[in-house]
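Peer 1: I have a structure here, written as structure tokens, and I will follow up with some questions on it.
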Amino acid sequence: MSENDLGFTPSEMMTIAASRALKNDDVCFVGIGAPSAACNVARLTHAPDITLIYESGTIGTAPDVLPLSIGDGELCETAVTTVAVPEMFRYWLQGGRITIGFLGAAQLDKFGNINTTIIGDYAHPKTRLPGGGGAPEIATSSREVYITMAQSKRGMVEKIDFFTSFGHGEGGDHRKRLGIDTAGPTLLITDLAVWKPDPVTKEFTVVSLHPGVTREKVQATCGWEAIFAEALDETPAPTELELKTLRDLQARTKTAHASAAKGKAAQ
Amino acid sequence: MSENDLGFTPSEMMTIAASRALKNDDVCFVGIGAPSAACNVARLTHAPDITLIYESGTIGTAPDVLPLSIGDGELCETAVTTVAVPEMFRYWLQGGRITIGFLGAAQLDKFGNINTTIIGDYAHPKTRLPGGGGAPEIATSSREVYITMAQSKRGMVEKIDFFTSFGHGEGGDHRKRLGIDTAGPTLLITDLAVWKPDPVTKEFTVVSLHPGVTREKVQATCGWEAIFAEALDETPAPTELELKTLRDLQARTKTAHASAAKGKAAQ
Amino acid sequence: MVKFLPLKKAVAENLHDGDTVAFEGFTHLIPTAAAHEAIRQSIRELTLIRMTPDLIYDQMIGMGMAKKIVFSYLGNPGVGLLRRVRDAIENGFPRPIEVEEHSHAGMANAYEAGAAGLPCAVFRGYRGAGLATVNPNIKSVSCPFTGEVLAAVPAIRPDVTFIHAQKADRKGNVLVEGIIGIQKEAVLAAKRAVVTVEEVVDNFNDLHPNLTVLPNWTIAAISVVPGGSHPSYTHGYYDRDNSAYLEWDEIAADRDRFQAWMQKNVIESSADDFAARVEHLRKAA
Amino acid sequence: MVKFLPLKKAVAENLHDGDTVAFEGFTHLIPTAAAHEAIRQSIRELTLIRMTPDLIYDQMIGMGMAKKIVFSYLGNPGVGLLRRVRDAIENGFPRPIEVEEHSHAGMANAYEAGAAGLPCAVFRGYRGAGLATVNPNIKSVSCPFTGEVLAAVPAIRPDVTFIHAQKADRKGNVLVEGIIGIQKEAVLAAKRAVVTVEEVVDNFNDLHPNLTVLPNWTIAAISVVPGGSHPSYTHGYYDRDNSAYLEWDEIAADRDRFQAWMQKNVIESSADDFAARVEHLRKAA
């Protein structure tokens with residue numbers, strides 16, 4: 001994605017907006033597919049003490065570069081402690097210690113339900129996607145869930161093909177009716193806007209447009225009829241520090257991950 | 001207990017007879033109150049590779065002196081690995097990895113049921129004993145259970161006051177009827193004799209008398225009517241090596257455990 | 001977020017009359033200093049939870065602080081019985097005490113379930129055991145796949161857990177090593193956790209990644225109390241004071257002698273006295 | 001008791017047609033060399049279990065060795081999809097494959113239950129999740145104390161588990177460190193376990209007591225295969241070969257290219273070739 005005339009890309013705006021939603025005392029479970037970039041930008045800017053947990057067992061990790069997989073060595077090397085995977089899911093996630101579960105999505109509906117399992121029918125899928133990994137329980141055991149994804153009609157759909165992880169179901173008190181006592185998706189950050197669920201219906205509502213983004217553009221890239229808050233904000237543009245932090249992080253990451261390939265080429 | 005004219009005490013004979021029952025490839029769970037002396041004599045003589053596990057989490061321990069508690073530091077320092085207590089009970093005991101659970105008893109009946117909980121009524125006990133600790137599950141999850149205790153009419157009783165750990169219940173297939181698929185008590189070693197359960201009734205039967213012990217002496221120190229095997233053996237007397245190993249171990253233990261007290265006295 | 005506090009303040013802020021509390025330590029790392037501080041503060045009507053209540057619960061119960069005890073092994077390790085607890089259970093002295101008794105497997109699983117945020121623990125246990133008939137908190141569930149009947153006990157969720165550990169770093173992360181027992185689960189199962197440590201170090205950068213470290217956000221308060229586990233031991237710092245356990249058997253055998261000992265060694269002492277008690281138990285460097 | 005064997009023999013002795021097998025490793029320590037040996041030995045009709053099937057199951061399934069796969073995340077970590085597995089699931093090529101899908105929590109709990117000798121695992125999971133409606137091995141039990149409905153899945157009990165680890169000592173005890181994943185549980189849950197290691201050392205005397213060490217009597221066979229987890233990594237030995245994961249995405253996209261790659265890099269190669277593959281990934285000392 002190219003820079004707009006404001007000096008940053010929509011993707012950068014998305015990552016930075018997501019990073020701002022994280023607080024210094026958050027304990028954040030970074031699920032597969034989620035932009036750990038946002039979590040690490042938060043850590044490198046306003047939330048130096050944020051606890052980042054990857055499901056590989058690394059607790060309180062502080063990588064200098066973004067991991068390519070959720071089990072990269074640097075996550076372990078910089079963690080406060082690294083535990084076994086069953087302990088991760090039992091004591092740390094199910095134990096109710098995670099304040100924010102951070103999920104990405106292949107398909108998302110307006111109630112924050114996510115599909116990363118299949119396109120088509122489960123028994124005879126058109127496309128077999130990777131599946132849920134930690135997401136089904138991240139979605140129900142984290143106190144809140146943040147979702148981040150780039151907008152597209154293919155991704156933000158009226159009806160998802162499979163409930164990989166449960167958001168607000170059919171809306172309203174559906175979570176409560178299933179015995180789920182956590183808040184569920186409370187924030188959706190896309191490359192174009194910030195969305196929050198309506199307090200009653202739980203339908204995602206645009207509360208802030210990123211700089212230069214119009215309502216029409218949001219609607220054109222969303223498969224359901226978007227609702228906009230009456231008091232619609234404009235997302236503050238990335239600060240110089242935020243942009244520099246993100247870009248430095250990505251540059252370090254690129255260099256680090258290219259080195260193995262280079263080493264190989266040199267053989 | 002004083003040495004008999006054979007050059008060893010009944011207690012030494014008991015420990016050594018028990019040590020002989022342990023094999024080199026056994027994985028032995030040494031419960032509270034059990035004579036870890038027997039396990040360690042086995043390790044120091046014919047079973048150098050025996051795996052000794054104490055419920056404090058120490059696996060494959062090889063202490064130079066006998067521990068005073070099941071969590072002494074030396075157990076950890078000499079262990080192959082030291083795990084958390086829940087893991088000990090879940091993966092190692094319940095996981096079916098223990099070949100021999102080694103238990104002591106305050107009260108024992110002829111079917112190998114053990115009481116270390118109370119004397120008298122549970123709600124209004126005459127004497128409150130320490131209770132079971134690991135024993136209830138050691139008795140059912142270990143593949144076999146060995147019991148060792150000094151004989152007395154107070155200890156070996158017709159009816160125990162409380163089922164701290166289940167042996168053969170009322171005998172016969174009682175274990176099976178409760179869904180317990182391990183063998184239960186297969187050996188009782190006292191200071192006077194070796195007992196094994198009858199294959200059908202499961203009642204403990206004297207199969208071997210220690211040197212110098214008579215049937216009458218066994219009966220006089222046993223609260224139930226003892227049954228003796230038709231082919232009654234005499235337990236081989238301790239060998240020089242066995243005696244020396246046990247006595248050296250006990251001497252080292254005495255010296256080591258006195259040092260703290262000495263240090264204190266010297267202040 | 002964790003606070004570094006003097007022990008007196010850490011106990012006062014976190015332990016209240018009527019609380020359900022665990023002072024855990026499996027032979028090793030017993031939080032004696034914290035228990036003595038609780039005694040000095042005369043906290044009352046406690047429900048005491050511990051797998052292996054030993055001297056400290058004998059002391060707290062002897063001082064009449066507990067209305068109930070939940071346990072799985074009630075002994076003076078390597079020595080024998082707990083005489084003050086016996087007096088309470090057998091004679092109601094200094095007050096009657098309610099008893100909830102489990103096996104080690106039951107307690108370990110119940111702590112594990114508490115740490116895991118579950119309402120109960122499911123395991124293969126208590127078969128043929130008398131405890132299943134006297135403890136109404138031992139129930140069963142059936143495996144929905146095999147039909148096997150398994151034991152179930154409620155998760156342990158203390159209001160507050162006290163443990164002793166080797167060290168904290170300046171951020172308040174805590175390292176526990178050696179015989180780690182049930183301490184991690186006891187901390188994670190509790191609403192609040194208070195940790196006494198031997199020392200504070202700058203950071204844990206050189207630690208092996210798989211050690212038992214409790215992140216600072218899982219702990220309410222840390223107090224630095226060198227020797228704080230005496231007469232238990234702290235792996236890497238000082239040995240177990242076996243003679244003190246033997247001596248306790250005599251002290252606790254007599255109500256008056258017990259009171260006199262408590263007055264002198266607990267009521268009129270402080271957390272600062274522990275360092276001297278372990279001096280002769282430190283290994284020569 | 002453990003035997004030190006060449007990998008070829010360790011696989012031949014322990015893995016048989018029709019077995020249920022887990023090759024575990026959570027991004028780190030993936031037992032690639034063992035999987036390649038299984039491919040060379042053309043073992044058939046396998047039920048493959050793994051939380052995160054990645055390249056090695058893509059390869060085994062692409063070679064038609066599996067009748068069923070049990071998993072919780074079917075991706076090429078950091079890259080995308082597994083194209084050979086997709087071809088099998090979507091198109092039945094080279095053969096149809098049965099799918100049993102769980103969440104990570106479900107699999108982790110199921111391995112834990114397997115290690116713990118339980119018939120099933122009980123946890124809070126799958127609420128509102130579609131998997132609960134398509135996987136008949138997801139059932140429920142009610143807590144007998146609170147009535148809360150919890151998820152239950154059958155314990156995982158593989159016939160054989162393969163893992164890769166840092167080192168063994170001469171007695172055959174095995175050390176796993178860093179991101180330890182589910183390896184301990186996978187080994188303890190299995191009837192037989194085979195471990196490839198980077199090296200054998202004299203003893204583990206200097207190890208910290210709380211590290212993840214598998215005693216020798218829990219393992220059937222150990223094979224020394226330096227580099228045996230490539231293109232995954234071994235903490236302390238060599239880094240992850242990220243470019244190989246990217247490259248795999250292209251190789252696996254085409255059936256013929258896949259076959260040619262497998263012929264050259266697996267069928268006509270051996271366990272001895274792994275050491276050279278990681279040479280450029282070792283950290284400068």
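Letters A, B, ... mark the chains of the structure tokens in the order given; residue numbers begin at 1 per chain; ligand numbers begin at 1, in order shown.
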For the interface of chain D with chain C (cut-off 12 Å, counting only C-alpha atoms), please tabulate each contacting residue of chain D alongside its nearest pair of atoms and their separation in Å to one decimal, rows sorted by chain and increasing number, as a Markdown table.

Peer 2:
```
| residue | atom | partner | partner_atom | distance |
| --- | --- | --- | --- | --- |
| D:Ala105 | CA | C:Ala116 | CA | 11.9 |
| D:Asn109 | CA | C:Ala116 | CA | 11.3 |
| D:Ala113 | CA | C:Phe123 | CA | 9.4 |
| D:Ala116 | CA | C:Phe123 | CA | 8.8 |
| D:Gly117 | CA | C:Arg124 | CA | 8.6 |
| D:Leu118 | CA | C:Phe123 | CA | 7.1 |
| D:Pro119 | CA | C:Cys143 | CA | 6.9 |
| D:Cys120 | CA | C:Cys143 | CA | 6.4 |
| D:Ala121 | CA | C:Val122 | CA | 8.4 |
| D:Val122 | CA | C:Val122 | CA | 7.3 |
| D:Phe123 | CA | C:Leu118 | CA | 7.1 |
| D:Arg124 | CA | C:Leu118 | CA | 7.2 |
| D:Gly125 | CA | C:Leu118 | CA | 10.9 |
| D:Pro136 | CA | C:Phe145 | CA | 10.3 |
| D:Asn137 | CA | C:Phe145 | CA | 8.2 |
| D:Ile138 | CA | C:Pro144 | CA | 9.6 |
| D:Lys139 | CA | C:Pro144 | CA | 6.9 |
| D:Ser140 | CA | C:Pro144 | CA | 7.1 |
| D:Val141 | CA | C:Pro144 | CA | 7.0 |
| D:Ser142 | CA | C:Val141 | CA | 7.8 |
| D:Cys143 | CA | C:Cys120 | CA | 6.4 |
| D:Pro144 | CA | C:Lys139 | CA | 6.9 |
| D:Phe145 | CA | C:Pro154 | CA | 6.7 |
| D:Thr146 | CA | C:Pro119 | CA | 6.9 |
| D:Gly147 | CA | C:Pro119 | CA | 9.1 |
| D:Glu148 | CA | C:Pro119 | CA | 7.7 |
| D:Val149 | CA | C:Pro119 | CA | 10.0 |
| D:Leu150 | CA | C:Leu118 | CA | 8.9 |
| D:Ala151 | CA | C:Pro144 | CA | 10.2 |
| D:Ala152 | CA | C:Pro144 | CA | 7.5 |
| D:Val153 | CA | C:Phe145 | CA | 8.1 |
| D:Pro154 | CA | C:Phe145 | CA | 6.7 |
| D:Ala155 | CA | C:Phe145 | CA | 9.7 |
| D:Leu175 | CA | C:Asn210 | CA | 11.6 |
| D:Val176 | CA | C:Asn210 | CA | 9.7 |
| D:Glu177 | CA | C:Asn210 | CA | 6.8 |
| D:Gly178 | CA | C:Pro209 | CA | 6.1 |
| D:Ile179 | CA | C:Asn210 | CA | 8.1 |
| D:Ile180 | CA | C:Asn210 | CA | 8.2 |
| D:Gly181 | CA | C:Asn210 | CA | 11.1 |
| D:Leu207 | CA | C:His208 | CA | 10.1 |
| D:His208 | CA | C:Gly178 | CA | 8.4 |
| D:Pro209 | CA | C:Gly178 | CA | 6.1 |
| D:Asn210 | CA | C:Leu211 | CA | 6.4 |
| D:Leu211 | CA | C:Asn210 | CA | 6.4 |
| D:Thr212 | CA | C:Asn210 | CA | 7.8 |
| D:Val213 | CA | C:Asn210 | CA | 11.3 |
| D:His235 | CA | C:Pro209 | CA | 10.6 |
| D:Gly236 | CA | C:His208 | CA | 11.5 |
```

Peer 1: Filtering to N, CA and C atoms, could you give me those residues as a CSV table (one decimal), in the first residue's frame?

Peer 2:
```csv
chain,number,residue,atom,x,y,z
D,105,ALA,N,-6.4,-24.7,22.5
D,105,ALA,CA,-6.7,-25.1,23.9
D,105,ALA,C,-7.2,-26.5,23.9
D,109,ASN,N,-5.0,-29.3,26.0
D,109,ASN,CA,-5.6,-30.0,27.1
D,109,ASN,C,-5.7,-31.5,26.8
D,113,ALA,N,-4.0,-34.3,29.1
D,113,ALA,CA,-4.8,-35.4,29.7
D,113,ALA,C,-4.2,-36.7,29.3
D,116,ALA,N,-1.4,-37.2,31.6
D,116,ALA,CA,-1.9,-37.4,32.9
D,116,ALA,C,-2.6,-38.7,33.1
D,117,GLY,N,-2.7,-39.5,32.0
D,117,GLY,CA,-3.4,-40.8,32.1
D,117,GLY,C,-4.9,-40.7,32.2
D,118,LEU,N,-5.4,-39.6,31.9
D,118,LEU,CA,-6.9,-39.5,32.0
D,118,LEU,C,-7.6,-39.8,30.6
D,119,PRO,N,-8.8,-40.2,30.7
D,119,PRO,CA,-9.5,-40.5,29.4
D,119,PRO,C,-9.9,-39.3,28.6
D,120,CYS,N,-10.0,-38.2,29.3
D,120,CYS,CA,-10.5,-37.0,28.6
D,120,CYS,C,-10.0,-35.7,29.4
D,121,ALA,N,-10.0,-34.6,28.6
D,121,ALA,CA,-9.6,-33.3,29.2
D,121,ALA,C,-10.9,-32.5,29.4
D,122,VAL,N,-10.9,-31.7,30.5
D,122,VAL,CA,-12.1,-30.9,30.8
D,122,VAL,C,-11.6,-29.4,30.9
D,123,PHE,N,-12.2,-28.5,30.2
D,123,PHE,CA,-11.7,-27.2,30.2
D,123,PHE,C,-12.9,-26.2,29.7
D,124,ARG,N,-12.6,-24.9,29.8
D,124,ARG,CA,-13.6,-24.0,29.4
D,124,ARG,C,-13.3,-23.6,28.0
D,125,GLY,N,-14.0,-24.1,27.0
D,125,GLY,CA,-13.6,-23.9,25.6
D,125,GLY,C,-14.8,-24.1,24.7
D,136,PRO,N,-17.4,-34.4,16.4
D,136,PRO,CA,-18.1,-35.2,17.4
D,136,PRO,C,-17.3,-35.5,18.6
D,137,ASN,N,-16.0,-35.2,18.5
D,137,ASN,CA,-15.1,-35.5,19.7
D,137,ASN,C,-15.0,-34.3,20.6
D,138,ILE,N,-15.9,-33.3,20.4
D,138,ILE,CA,-16.0,-32.2,21.4
D,138,ILE,C,-17.4,-32.4,22.1
D,139,LYS,N,-17.3,-32.8,23.4
D,139,LYS,CA,-18.5,-33.0,24.2
D,139,LYS,C,-18.5,-32.1,25.4
D,140,SER,N,-19.3,-32.3,26.4
D,140,SER,CA,-19.3,-31.5,27.5
D,140,SER,C,-19.5,-32.3,28.8
D,141,VAL,N,-19.1,-31.7,29.9
D,141,VAL,CA,-19.5,-32.2,31.2
D,141,VAL,C,-19.9,-31.0,32.1
D,142,SER,N,-20.7,-31.3,33.1
D,142,SER,CA,-21.1,-30.2,34.0
D,142,SER,C,-20.3,-30.3,35.3
D,143,CYS,N,-19.8,-29.1,35.8
D,143,CYS,CA,-19.2,-29.1,37.1
D,143,CYS,C,-20.2,-29.5,38.2
D,144,PRO,N,-19.8,-30.5,39.0
D,144,PRO,CA,-20.8,-31.0,40.0
D,144,PRO,C,-21.0,-30.0,41.1
D,145,PHE,N,-20.2,-29.0,41.2
D,145,PHE,CA,-20.3,-28.0,42.3
D,145,PHE,C,-21.0,-26.8,41.8
D,146,THR,N,-20.7,-26.3,40.6
D,146,THR,CA,-21.3,-25.0,40.2
D,146,THR,C,-22.4,-25.2,39.1
D,147,GLY,N,-22.4,-26.4,38.4
D,147,GLY,CA,-23.3,-26.6,37.3
D,147,GLY,C,-22.7,-26.0,36.0
D,148,GLU,N,-21.6,-25.3,36.0
D,148,GLU,CA,-21.1,-24.8,34.8
D,148,GLU,C,-20.8,-25.9,33.8
D,149,VAL,N,-21.2,-25.6,32.5
D,149,VAL,CA,-21.0,-26.6,31.5
D,149,VAL,C,-19.6,-26.4,30.9
D,150,LEU,N,-18.7,-27.4,30.9
D,150,LEU,CA,-17.4,-27.3,30.4
D,150,LEU,C,-17.2,-28.2,29.2
D,151,ALA,N,-16.2,-27.8,28.4
D,151,ALA,CA,-15.9,-28.7,27.2
D,151,ALA,C,-15.1,-29.9,27.6
D,152,ALA,N,-15.3,-31.0,26.9
D,152,ALA,CA,-14.5,-32.2,27.1
D,152,ALA,C,-14.1,-32.7,25.8
D,153,VAL,N,-12.8,-33.1,25.7
D,153,VAL,CA,-12.3,-33.8,24.5
D,153,VAL,C,-11.5,-35.0,24.9
D,154,PRO,N,-11.4,-36.0,24.1
D,154,PRO,CA,-10.7,-37.2,24.5
D,154,PRO,C,-9.2,-36.9,24.6
D,155,ALA,N,-8.6,-37.6,25.5
D,155,ALA,CA,-7.1,-37.5,25.7
D,155,ALA,C,-6.5,-38.0,24.4
D,175,LEU,N,17.1,-33.3,27.4
D,175,LEU,CA,16.8,-31.9,27.7
D,175,LEU,C,16.1,-31.2,26.6
D,176,VAL,N,15.0,-30.5,26.9
D,176,VAL,CA,14.3,-29.7,26.0
D,176,VAL,C,14.3,-28.3,26.6
D,177,GLU,N,14.7,-27.3,25.8
D,177,GLU,CA,14.6,-25.9,26.4
D,177,GLU,C,14.3,-24.8,25.4
D,178,GLY,N,13.9,-23.7,25.9
D,178,GLY,CA,13.4,-22.6,25.1
D,178,GLY,C,11.9,-22.6,25.0
D,179,ILE,N,11.4,-22.5,23.8
D,179,ILE,CA,9.9,-22.7,23.6
D,179,ILE,C,9.7,-24.2,23.6
D,180,ILE,N,9.2,-24.7,24.8
D,180,ILE,CA,9.1,-26.1,25.0
D,180,ILE,C,7.8,-26.7,24.5
D,181,GLY,N,6.9,-25.8,24.1
D,181,GLY,CA,5.7,-26.2,23.5
D,181,GLY,C,4.9,-27.3,24.2
D,207,LEU,N,23.0,-28.9,35.1
D,207,LEU,CA,21.7,-28.3,34.8
D,207,LEU,C,20.9,-27.8,36.0
D,208,HIS,N,20.2,-26.7,35.8
D,208,HIS,CA,19.3,-26.2,36.8
D,208,HIS,C,18.3,-27.3,37.1
D,209,PRO,N,17.9,-27.5,38.3
D,209,PRO,CA,17.0,-28.6,38.6
D,209,PRO,C,15.6,-28.6,38.0
D,210,ASN,N,15.1,-27.4,37.6
D,210,ASN,CA,13.7,-27.3,37.2
D,210,ASN,C,13.6,-27.2,35.7
D,211,LEU,N,14.6,-27.6,34.9
D,211,LEU,CA,14.5,-27.6,33.5
D,211,LEU,C,13.7,-28.8,33.0
D,212,THR,N,13.3,-28.7,31.7
D,212,THR,CA,12.5,-29.8,31.2
D,212,THR,C,13.3,-30.9,30.7
D,213,VAL,N,13.5,-31.9,31.6
D,213,VAL,CA,14.3,-33.1,31.3
D,213,VAL,C,13.4,-34.3,31.3
D,235,HIS,N,16.9,-23.8,19.7
D,235,HIS,CA,17.4,-22.7,20.6
D,235,HIS,C,18.8,-23.1,21.1
D,236,GLY,N,19.7,-22.2,20.9
D,236,GLY,CA,21.1,-22.4,21.4
D,236,GLY,C,22.0,-23.1,20.3
```

Peer 1: Return the neighbours of chain C among the residues of chain B, cut-off 7 Å, counting only C-alpha atoms, as a tab-separated table (two decimals) with N, CA, C and O atoms, in the first residue's frame.

Peer 2:
```tsv
chain	number	residue	atom	x	y	z
B	56	SER	N	7.50	-34.66	46.58
B	56	SER	CA	7.85	-33.25	46.52
B	56	SER	C	8.21	-32.83	45.09
B	56	SER	O	8.40	-31.65	44.83
B	57	GLY	N	8.31	-33.77	44.17
B	57	GLY	CA	8.57	-33.43	42.78
B	57	GLY	C	9.92	-33.88	42.26
B	57	GLY	O	10.26	-33.65	41.10
B	68	LEU	N	15.23	-36.25	55.81
B	68	LEU	CA	14.38	-36.21	57.00
B	68	LEU	C	12.94	-35.94	56.59
B	68	LEU	O	12.00	-36.41	57.20
B	69	SER	N	12.76	-35.13	55.56
B	69	SER	CA	11.42	-34.87	55.04
B	69	SER	C	11.42	-35.26	53.57
B	69	SER	O	12.48	-35.44	52.98
B	71	GLY	N	10.91	-33.48	51.24
B	71	GLY	CA	11.31	-32.35	50.40
B	71	GLY	C	12.68	-31.82	50.75
B	71	GLY	O	12.96	-30.65	50.53
B	73	GLY	N	16.51	-30.75	50.60
B	73	GLY	CA	17.25	-30.15	49.50
B	73	GLY	C	18.06	-31.14	48.69
B	73	GLY	O	18.17	-31.03	47.48
B	76	CYS	N	16.43	-32.79	45.67
B	76	CYS	CA	16.40	-31.95	44.47
B	76	CYS	C	17.78	-31.87	43.83
B	76	CYS	O	17.92	-31.98	42.61
B	82	THR	N	13.35	-31.94	38.76
B	82	THR	CA	12.41	-31.64	39.84
B	82	THR	C	11.23	-30.88	39.24
B	82	THR	O	11.40	-29.83	38.65
B	84	ALA	N	6.91	-29.61	39.41
B	84	ALA	CA	5.91	-29.08	40.33
B	84	ALA	C	5.04	-30.21	40.87
B	84	ALA	O	4.90	-31.25	40.23
B	85	VAL	N	4.47	-29.97	42.02
B	85	VAL	CA	3.67	-31.01	42.68
B	85	VAL	C	2.44	-31.43	41.86
B	85	VAL	O	2.15	-32.62	41.77
B	86	PRO	N	1.71	-30.51	41.25
B	86	PRO	CA	0.58	-30.99	40.43
B	86	PRO	C	1.05	-31.87	39.28
B	86	PRO	O	0.40	-32.87	38.96
B	89	PHE	N	1.72	-35.42	40.56
B	89	PHE	CA	0.54	-36.27	40.76
B	89	PHE	C	-0.21	-36.55	39.47
B	89	PHE	O	-0.80	-37.61	39.33
B	94	GLN	N	-0.54	-40.46	38.43
B	94	GLN	CA	-1.78	-40.80	37.72
B	94	GLN	C	-1.49	-41.30	36.31
B	94	GLN	O	-2.24	-42.11	35.76
B	124	HIS	N	-15.00	-37.34	65.55
B	124	HIS	CA	-14.53	-37.08	66.92
B	124	HIS	C	-13.38	-38.02	67.24
B	124	HIS	O	-13.52	-38.95	68.03
B	125	PRO	N	-12.24	-37.77	66.62
B	125	PRO	CA	-11.14	-38.74	66.73
B	125	PRO	C	-10.52	-38.78	68.12
B	125	PRO	O	-10.45	-37.77	68.81
B	126	LYS	N	-10.12	-39.98	68.48
B	126	LYS	CA	-9.34	-40.14	69.70
B	126	LYS	C	-7.94	-39.59	69.45
B	126	LYS	O	-7.41	-38.82	70.24
B	127	THR	N	-7.36	-40.00	68.34
B	127	THR	CA	-6.06	-39.45	67.95
B	127	THR	C	-6.11	-39.02	66.49
B	127	THR	O	-6.47	-39.81	65.62
B	128	ARG	N	-5.76	-37.77	66.27
B	128	ARG	CA	-5.70	-37.26	64.90
B	128	ARG	C	-4.29	-37.53	64.37
B	128	ARG	O	-3.32	-36.92	64.82
B	129	LEU	N	-4.19	-38.46	63.40
B	129	LEU	CA	-2.91	-38.77	62.77
B	129	LEU	C	-2.70	-37.83	61.58
B	129	LEU	O	-3.59	-37.06	61.23
B	130	PRO	N	-1.53	-37.91	60.95
B	130	PRO	CA	-1.25	-36.93	59.87
B	130	PRO	C	-2.18	-37.01	58.67
B	130	PRO	O	-2.37	-36.02	57.96
B	131	GLY	N	-2.75	-38.17	58.40
B	131	GLY	CA	-3.59	-38.29	57.21
B	131	GLY	C	-2.84	-38.89	56.04
B	131	GLY	O	-1.70	-39.34	56.19
B	132	GLY	N	-3.48	-38.90	54.90
B	132	GLY	CA	-3.00	-39.70	53.79
B	132	GLY	C	-1.89	-39.11	52.96
B	132	GLY	O	-1.08	-39.83	52.40
B	133	GLY	N	-1.83	-37.79	52.83
B	133	GLY	CA	-0.86	-37.22	51.90
B	133	GLY	C	-1.09	-37.81	50.52
B	133	GLY	O	-2.20	-37.80	50.00
B	134	GLY	N	-0.05	-38.38	49.95
B	134	GLY	CA	-0.18	-38.94	48.60
B	134	GLY	C	-0.77	-40.34	48.57
B	134	GLY	O	-1.11	-40.85	47.50
B	136	PRO	N	-3.63	-42.12	49.18
B	136	PRO	CA	-4.84	-42.63	48.53
B	136	PRO	C	-4.65	-42.94	47.05
B	136	PRO	O	-5.11	-43.96	46.55
B	137	GLU	N	-3.93	-42.07	46.34
B	137	GLU	CA	-3.72	-42.29	44.91
B	137	GLU	C	-2.48	-43.13	44.63
B	137	GLU	O	-2.42	-43.82	43.61
B	162	PHE	N	-10.09	-46.35	59.67
B	162	PHE	CA	-10.37	-45.47	58.54
B	162	PHE	C	-9.61	-45.98	57.32
B	162	PHE	O	-8.47	-46.42	57.44
B	163	PHE	N	-10.25	-45.94	56.16
B	163	PHE	CA	-9.59	-46.37	54.93
B	163	PHE	C	-8.82	-45.20	54.31
B	163	PHE	O	-9.27	-44.59	53.36
B	164	THR	N	-7.64	-44.92	54.84
B	164	THR	CA	-6.82	-43.87	54.24
B	164	THR	C	-6.49	-44.25	52.81
B	164	THR	O	-6.68	-43.47	51.88
B	165	SER	N	-5.96	-45.46	52.63
B	165	SER	CA	-5.73	-45.94	51.27
B	165	SER	C	-6.25	-47.36	51.14
B	165	SER	O	-6.20	-48.15	52.07
B	166	PHE	N	-6.76	-47.62	49.96
B	166	PHE	CA	-7.43	-48.88	49.68
B	166	PHE	C	-6.42	-49.93	49.25
B	166	PHE	O	-5.58	-49.69	48.38
B	178	LEU	N	-14.35	-51.79	42.09
B	178	LEU	CA	-14.33	-50.32	42.24
B	178	LEU	C	-13.70	-49.64	41.04
B	178	LEU	O	-13.50	-48.43	41.04
B	257	HIS	N	22.49	-34.81	59.55
B	257	HIS	CA	21.35	-34.14	60.15
B	257	HIS	C	21.68	-33.56	61.53
B	257	HIS	O	20.95	-32.72	62.03
B	260	ALA	N	23.35	-29.40	61.60
B	260	ALA	CA	22.60	-28.16	61.79
B	260	ALA	C	22.47	-27.86	63.28
B	260	ALA	O	22.69	-26.74	63.74
B	261	ALA	N	22.11	-28.90	64.05
B	261	ALA	CA	21.95	-28.72	65.49
B	261	ALA	C	23.26	-28.29	66.13
B	261	ALA	O	23.31	-27.40	66.96
B	263	GLY	N	25.73	-26.74	64.66
B	263	GLY	CA	25.97	-25.36	64.28
B	263	GLY	C	25.26	-24.41	65.22
B	263	GLY	O	25.81	-23.41	65.67
B	264	LYS	N	24.04	-24.78	65.54
B	264	LYS	CA	23.24	-23.93	66.42
B	264	LYS	C	23.84	-23.87	67.83
B	264	LYS	O	23.95	-22.81	68.43
```

Peer 1: Considering only alpha helix (DSSP H) as DSSP defines it on the backbone, what residues of region 167-250 of chain C qualify? List them as a list in words.

Peer 2: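 Answer for region 167-250 of chain C restricted to alpha helix (DSSP H) is Gln183, Lys184, Glu185, Ala186, Val187, Leu188, Ala189, Asn242, Ser243, Ala244, Tyr245, Leu246, Glu247, Trp248, Asp249 and Glu250 of chain C.
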
Peer 1: Give me, please, the distance in Å between CA of Ala221 (chain D) and CA of Val266 (chain D), quoted to one decimal.

Peer 2: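 It comes out at 21.8 Å.
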